[in-house]
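First the structure, in the form of structure tokens, and then the observations on it.
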Amino acid sequence: MHGIDYVLEAISFYHISIALAGVAAGTVIGALPGLTATMAIAVLVPLTFSMKPASALILMGAIYTGAIYGGAYSAILLKTPGTPSAIATTFDGYPMAKRGDGDLAVTLACTSSVLGGLIGAGFLLGLAPPLAKIALAFGPVEYFWLAIFGLSLISALSEGHMVKGLIGGCFGMLLTTIGVAEVSADIRYTFGSQTLIGGIEPVSALIGLYCIPVLIDLVATPARHLKVSSESRGFRLREALALSWRHKFNLIRSSVIGTIVGILPGAGGSIAGLVAYSEARRSSRRTDYFGTGEPEGVMASESANNATVGGGFIPTLVLGIPGTPPDAVILGALLVQGIRTGPNLFVGDESSIVYVFIAGLFVATLLMLPTGLLIGRYAYRFIINVPKAVLVPTVAFMTIIGTYAIRNNMSDVVIMILLGAIGWILDRYGFKPSPIVLGLILSRIAEQGFVQGWTIGKARGNVVAEFFARPISLGIIAFICVSMFYPIIARRWKLKEEPQNARET
Amino acid sequence: MPAKREYDAPGIILAAIFILIAGIFLNDSRTLVDSDSYVFPAAICTLMIGLSIGFIVWNLLKPHPDKEATPVMGSTPRRIGLVALMLVSAFIMPYVGFLPAGIGVFATLMVLAMFEPWTLKRALTYALVCVAIVTGFYVIFDIVFLVPLPEMPF
Amino acid sequence: MKTFGKIVLTAAAAVVAVTFGLTATAVAEFPEKAINYVIAFKPGGESDITGRFQQPFFKKKFGQDLVMSYKDGGGGAVAWAQLNTISGDGYTIMGTNLPHIVIQPAQKAVGYTTGDITNVYMFHYTPDAIVVKDDSPFKTVKDLIDYAKKNPGKVTFSGSGKGTANHLAQVTFDRLAGIKTAYVAFAGTAPSTTAVLGGQVVASWGYTTVPPSYPGTRMLAVAMEKRHPKFRDVPTFKELGFDLVSGAYRGIAVPKSTPEAIRKKLAKMIDEINHDPAFIKQMEDNGFAMLNAPYGPELDKFMAKIKKDIITSAKEAGIIK
């Protein structure tokens, strides 16, 4: 089997149908906070036993890529990322929706996701074996700095209250330390509570901190949830494409960042989105508009997180090391089918499986354009047209059942609601939810890297050198400094636009 | 905009609460034996206390009223009602099952979020929508995604 | 109050009747519907994968689905603490792991004790092993010991978690070999192996499942009584003069309220899968080692011994007092 044969097999009626079904189902799953691609794929695994390996992979890959995109809907329309990968999408997506540009944001999310997905799949097709080495080059210390890079965004997201943002970030990190200690497996900070042994699940905490405050304010007044423009504007696809063309470098850069972060087994989609967002913000001429509804922010986050799908498959298929949590389940399904991963998978007798799958992943990503636009349009219409008395209970139930589904645990739901109420109070007094969420999501990676780096450094006899003298670490540290200080310097040198009008289009 | 308030009083109070929380965590760290368990959280606690003290001192020396604080708009009882109802649903679900608890709480939330007068027709439509949405959630999560939702006792 | 007492009595009688009715007629036909298999971890881990291996065999042999669900939290403790609150009709079973269910309750109050867990079968284990990169300069365990003796404290071992089989093996081996090494805990076998492959650590305390899943790794020795059938050329620690037989054991448990007859029936069913040559081949090809400890005296004997071993080495490791 060669080149064209793989493509022909991938576009067979059967494969197109399962790719389409997978993408559509994935999009809906991703849009519901709490329902994750990991869970959806885990449910499907028994079904794939009776399928051919390549077909099973296409189905699982389609669900995965759809779910990562679907997370954008709730991020944009409800300020609640449907998957952690979409955290950075909320920063500008929700302000856009608030001012009446939700339709444009949803369409942009779709086009950017498709592009990001294609670029990620392209790297998987062309450069998988050499790129897999990146997964091994990152040690504990590098992950620590990568988490700090993500946390450095706090300075940009604190909305004028830098110190409050940093305190909020610390608070988020402290919350994640409750329960079983990340590295040593000690039970800590439970204060005798049985419930707290399971810890505070970051995704449910994120749902609480973002969604409950929105609900609390939604129920209090009869005002509309989102501003609606009077005229019908369709998909606004032309506008979205024009924006994409204008910011093509942002899209390509974000997709490359997404692919690389996807390759790193210890990182994941949330970091990809955050790093790409941070870089887009830094290099944009409109740095100061980020966080107020800047389309570039949505494009960066969404192209990066979908690029992690292709990126994540690189270490999964080449090294047997799952790049992301859904990859771990997919790998398990492959094991049951008797498929051995490894570099040989790309050249040996079984290589047709991989190439048909990659071709299928391209097909699924392309199918995301029509399905995504269509589902996005209905999601948007539903959110803006549904009466408040239906919207409030529906979203409230979505948070409850979604949180429960993460670990099948009702205590998580109670913690989610209480954290949401606390978050609403904190938000009123300048402690914004985003820094707390960043702390929650990145704390585990930071702690693991910190403690492991510390132990290894001690054994090698030099802790300082371990943290500051490794080339990749130094590179990340340099990026952290540049992202934090470049906007300030640039403004002083008048390289950036002064904030005047809040809208670009 | 309350012009008289010079200090960011709520900010100072919250910072003090954060110092207290970090203090409690730091104190509890002493019960841990393995240094791997407490290095990181203790570092975060120290940072948090430092930042909070810095914030308070800076605010007392050079008062910075919180410009962003907007007056609370709308109905506070509805806000509290929403949080209370959601908590109630989480507490009763394991005992009465997802569907009965869900439909009950959903209907009450609808009443809570309603800003227009009720008519008979509206009440009937909403009742139908309520049952449909809760059942829909049940089907998606319990039947399709095999999430073991709390069952009805009998 | 009299009526209340009457109601209680009637209810109790009804429960007894139902239970007996169940044992008399339903056991023969058990299972009549899908069985829910709760994994106490995230999907994609080894506990999940071995459950997945059982899934198709279960369906083929008994005509019912084995449906996996995941209750992650507290390193498994959240799920195990809730095991006995589930109704004991046999239609919910839960995966259990050793040494976890022995060490966790011995360390702190985690909401269950080892005795609360009613295992019906221990079906396999993953033996500990020292894993290095293919191109590592260390060819034998002796190479590694010599190097460690020259550089005390400088040899770093990655491993999956603390208080785990990997960690206990590291501590025990250090003592047996008279060396001092540094143990770096990672959040699972995948990141721990990644650290060896990336050269972040010198070697890894992993399992025999590592080489089949991660190309580019090899083992220096395995902690088994006899050599692993899939790796005939890898010596056991026993052959090399170290009394180290250890690993992570996996079993299946039921809620305490599950009737005796159902427990036995489940044990028989798992036993049947465990003796299917295709299942054995699949498990061994992936590096697992088979274990047959069905409900009854066999399991009791196995548990008593393993519990004693784990407690002893955990005390030596200073993990429990």
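Ordering of the structure tokens sets the chain letters (A, B, ...), residue numbers begin anew at 1 in every chain, and ligands are numbered from 1 in the order given.
With only C-alpha atoms taken into account, the protein and nucleic acid residues at most 6 Å from region 206-215 of chain A (excluding it and anything under 6 positions from it in its own chain) are Thr80, Met416, Ile417, Leu419, Gly420, Gly423, Trp424 and Val437 of chain A.
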Leaving out Gly22 (chain A) and any residue of its chain fewer than 6 positions from it, which residues lie within 9 Å of it when counting only C-alpha atoms, given as a PyMOL selection string? chain A and resi 58-66+364
Name all residues at most 7 Å from Gly97 (chain B) (count only C-alpha atoms; drop same-chain ones fewer than 2 positions away) and give them as a PyMOL selection string. chain B and resi 93-95+99-101+150-153
Do a neighbour search on Tyr126 (chain B) at 12 Å with only C-alpha atoms, toss out local chain neighbours closer than 2 positions, and write the hits as number ranges by chain. A: 386-391, 393; B: 103, 106-111, 114, 118-124, 128-133
Of the candidates B:Val57, B:Ile17, B:Val147, B:Ala42, which shows the shortest atom-to-atom distance to chain A, using only C-alpha atoms?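 Closest to chain A of all the choices is B:Val147.
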DSSP strand (DSSP E) selection over region 93-268 of chain C, as a ChimeraX atom specification: /C:93-98,118-133,156-160,182-186,203-207,217-222,247-254
Run DSSP on the backbone and grab whatever in chain B lands in alpha helix (DSSP H); send it over as a ChimeraX atom specification. /B:9-29,35-61,76-96,98-112,120-138
Please check the contacts: residues of chain A at most 7 Å away from chain B, using only C-alpha atoms, listed as number ranges by chain. A: 40, 43, 163, 167, 170, 174, 177, 181, 183-184, 186, 189, 216, 219-222, 388-390, 392-393, 405, 408, 410, 413-414, 417, 428-430, 447, 451
Identify all chain C residues at most 10 Å from chain B by counting only C-alpha atoms; ligands do not count. Present them as a list in words. Asn36, Val67, Met68, Ser69, Tyr70, Val184, Ala185, Gly318 and Ile319 of chain C
Considering only C-alpha atoms, tabulate each residue of chain A that lies at most 7 Å from chain C along with its nearest interatomic pair and the corresponding distance in Å to one decimal; arrange the rows by chain and ascending residue number and present them as JSON lines.
```
{"residue": "A:Ala42", "atom": "CA", "partner": "C:Pro43", "partner_atom": "CA", "distance": 6.8}
{"residue": "A:Leu136", "atom": "CA", "partner": "C:Gly198", "partner_atom": "CA", "distance": 4.2}
{"residue": "A:Ala137", "atom": "CA", "partner": "C:Gly198", "partner_atom": "CA", "distance": 5.8}
{"residue": "A:Gly139", "atom": "CA", "partner": "C:Gln200", "partner_atom": "CA", "distance": 6.0}
{"residue": "A:Gly179", "atom": "CA", "partner": "C:Gly74", "partner_atom": "CA", "distance": 6.5}
{"residue": "A:Val180", "atom": "CA", "partner": "C:Gly74", "partner_atom": "CA", "distance": 5.3}
{"residue": "A:Val183", "atom": "CA", "partner": "C:Ala185", "partner_atom": "CA", "distance": 5.8}
{"residue": "A:Ser184", "atom": "CA", "partner": "C:Lys162", "partner_atom": "CA", "distance": 5.1}
{"residue": "A:Ala185", "atom": "CA", "partner": "C:Lys162", "partner_atom": "CA", "distance": 5.8}
{"residue": "A:Gln194", "atom": "CA", "partner": "C:Gly111", "partner_atom": "CA", "distance": 6.5}
{"residue": "A:Ile197", "atom": "CA", "partner": "C:Gly74", "partner_atom": "CA", "distance": 5.7}
{"residue": "A:Gly198", "atom": "CA", "partner": "C:Gly74", "partner_atom": "CA", "distance": 4.4}
{"residue": "A:Gly199", "atom": "CA", "partner": "C:Gly74", "partner_atom": "CA", "distance": 6.9}
{"residue": "A:Leu319", "atom": "CA", "partner": "C:Tyr214", "partner_atom": "CA", "distance": 5.9}
{"residue": "A:Gly320", "atom": "CA", "partner": "C:Tyr214", "partner_atom": "CA", "distance": 5.3}
{"residue": "A:Ile321", "atom": "CA", "partner": "C:Ala190", "partner_atom": "CA", "distance": 6.0}
{"residue": "A:Ala328", "atom": "CA", "partner": "C:Gly44", "partner_atom": "CA", "distance": 4.7}
{"residue": "A:Val329", "atom": "CA", "partner": "C:Gly44", "partner_atom": "CA", "distance": 4.2}
{"residue": "A:Gly332", "atom": "CA", "partner": "C:Ile49", "partner_atom": "CA", "distance": 5.6}
{"residue": "A:Val336", "atom": "CA", "partner": "C:Phe53", "partner_atom": "CA", "distance": 6.0}
{"residue": "A:Gly342", "atom": "CA", "partner": "C:Pro215", "partner_atom": "CA", "distance": 5.9}
{"residue": "A:Arg407", "atom": "CA", "partner": "C:Lys71", "partner_atom": "CA", "distance": 4.9}
{"residue": "A:Asn408", "atom": "CA", "partner": "C:Lys71", "partner_atom": "CA", "distance": 6.0}
{"residue": "A:Gln452", "atom": "CA", "partner": "C:Val184", "partner_atom": "CA", "distance": 5.9}
{"residue": "A:Thr455", "atom": "CA", "partner": "C:Val184", "partner_atom": "CA", "distance": 6.4}
{"residue": "A:Ile456", "atom": "CA", "partner": "C:Thr156", "partner_atom": "CA", "distance": 6.7}
{"residue": "A:Ala459", "atom": "CA", "partner": "C:Lys154", "partner_atom": "CA", "distance": 4.7}
{"residue": "A:Arg460", "atom": "CA", "partner": "C:Lys154", "partner_atom": "CA", "distance": 5.7}
```
Could you check how far CA of Ile330 (chain A) sits from CA of Leu345 (chain A), in Å to one decimal?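 Result for CA of Ile330 (chain A) versus CA of Leu345 (chain A): 15.2 Å, one decimal.
Non-sequential neighbours of Ala31 (chain A) (distance at most 7 Å, separation of 4 or more positions within a chain, only C-alpha atoms) are Thr27, Gly70, Gly71, Ala72, Tyr73, Ser74 and Gly82 of chain A.
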Got a sec: who's within 12 Å of Met219 (chain C), counting only C-alpha atoms, leaving out chain neighbours fewer than 3 positions off, as number ranges by chain? C: 127-136, 138-141, 193, 196, 203-212, 214-216, 222-223, 227-228, 231-237, 287
Now that the selection is made, can you save its residues with C-alpha atoms as a JSON list (two decimals), in the first residue's frame?
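Saved to out_3.json:
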```json
[["chain", "number", "residue", "atom", "x", "y", "z"],
["C", 127, "PRO", "CA", 6.87, -7.85, 39.00],
["C", 128, "ASP", "CA", 9.35, -5.11, 39.88],
["C", 129, "ALA", "CA", 12.38, -4.79, 37.62],
["C", 130, "ILE", "CA", 15.35, -2.52, 37.10],
["C", 131, "VAL", "CA", 14.92, -0.83, 33.73],
["C", 132, "VAL", "CA", 17.60, 1.02, 31.75],
["C", 133, "LYS", "CA", 17.88, 2.53, 28.28],
["C", 134, "ASP", "CA", 19.03, 0.17, 25.52],
["C", 135, "ASP", "CA", 22.31, 2.05, 25.14],
["C", 136, "SER", "CA", 22.96, 2.35, 28.86],
["C", 138, "PHE", "CA", 25.09, -0.84, 32.58],
["C", 139, "LYS", "CA", 24.80, -4.36, 31.24],
["C", 140, "THR", "CA", 24.24, -6.23, 34.49],
["C", 141, "VAL", "CA", 23.02, -5.56, 37.98],
["C", 193, "THR", "CA", 9.99, 5.46, 31.96],
["C", 196, "VAL", "CA", 14.95, 6.96, 31.89],
["C", 203, "ALA", "CA", 17.84, 3.87, 35.82],
["C", 204, "SER", "CA", 14.29, 3.12, 36.80],
["C", 205, "TRP", "CA", 12.50, 0.83, 39.19],
["C", 206, "GLY", "CA", 9.78, -0.24, 36.84],
["C", 207, "TYR", "CA", 7.81, -3.32, 36.04],
["C", 208, "THR", "CA", 8.17, -6.20, 33.60],
["C", 209, "THR", "CA", 5.48, -4.46, 31.55],
["C", 210, "VAL", "CA", 7.89, -1.67, 30.58],
["C", 211, "PRO", "CA", 9.96, -3.24, 27.76],
["C", 212, "PRO", "CA", 6.97, -4.50, 25.73],
["C", 214, "TYR", "CA", 8.24, 1.25, 25.57],
["C", 215, "PRO", "CA", 10.67, 0.45, 22.78],
["C", 216, "GLY", "CA", 14.25, 1.32, 23.66],
["C", 222, "VAL", "CA", 13.28, -9.05, 37.58],
["C", 223, "ALA", "CA", 11.89, -9.54, 41.09],
["C", 227, "ARG", "CA", 12.26, -15.97, 35.03],
["C", 228, "HIS", "CA", 9.41, -14.30, 33.18],
["C", 231, "PHE", "CA", 12.05, -12.59, 28.97],
["C", 232, "ARG", "CA", 13.99, -15.82, 29.28],
["C", 233, "ASP", "CA", 17.36, -14.05, 29.16],
["C", 234, "VAL", "CA", 16.70, -11.63, 32.03],
["C", 235, "PRO", "CA", 17.87, -13.04, 35.38],
["C", 236, "THR", "CA", 15.86, -12.90, 38.58],
["C", 237, "PHE", "CA", 17.24, -11.10, 41.61],
["C", 287, "GLY", "CA", 4.84, -8.32, 30.44]]
```
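Taking CA of Thr316 (chain A) and CA of Leu331 (chain A) as endpoints, the distance between them is 7.0 Å.
A straight line drawn from CA of Glu182 (chain A) to CA of Ala165 (chain C) is 17.0 Å long.
Neighbours of Ser255 (chain A) closer than or equal to 8 Å, with only C-alpha atoms counted and sequence neighbours fewer than 4 positions away skipped, come out as Leu115, Gly116, Gly117, Ile119, Gly120, Leu251, Thr259, Ala300, Ser303, Ala304, Asn305, Asn306 and Ala307 of chain A.
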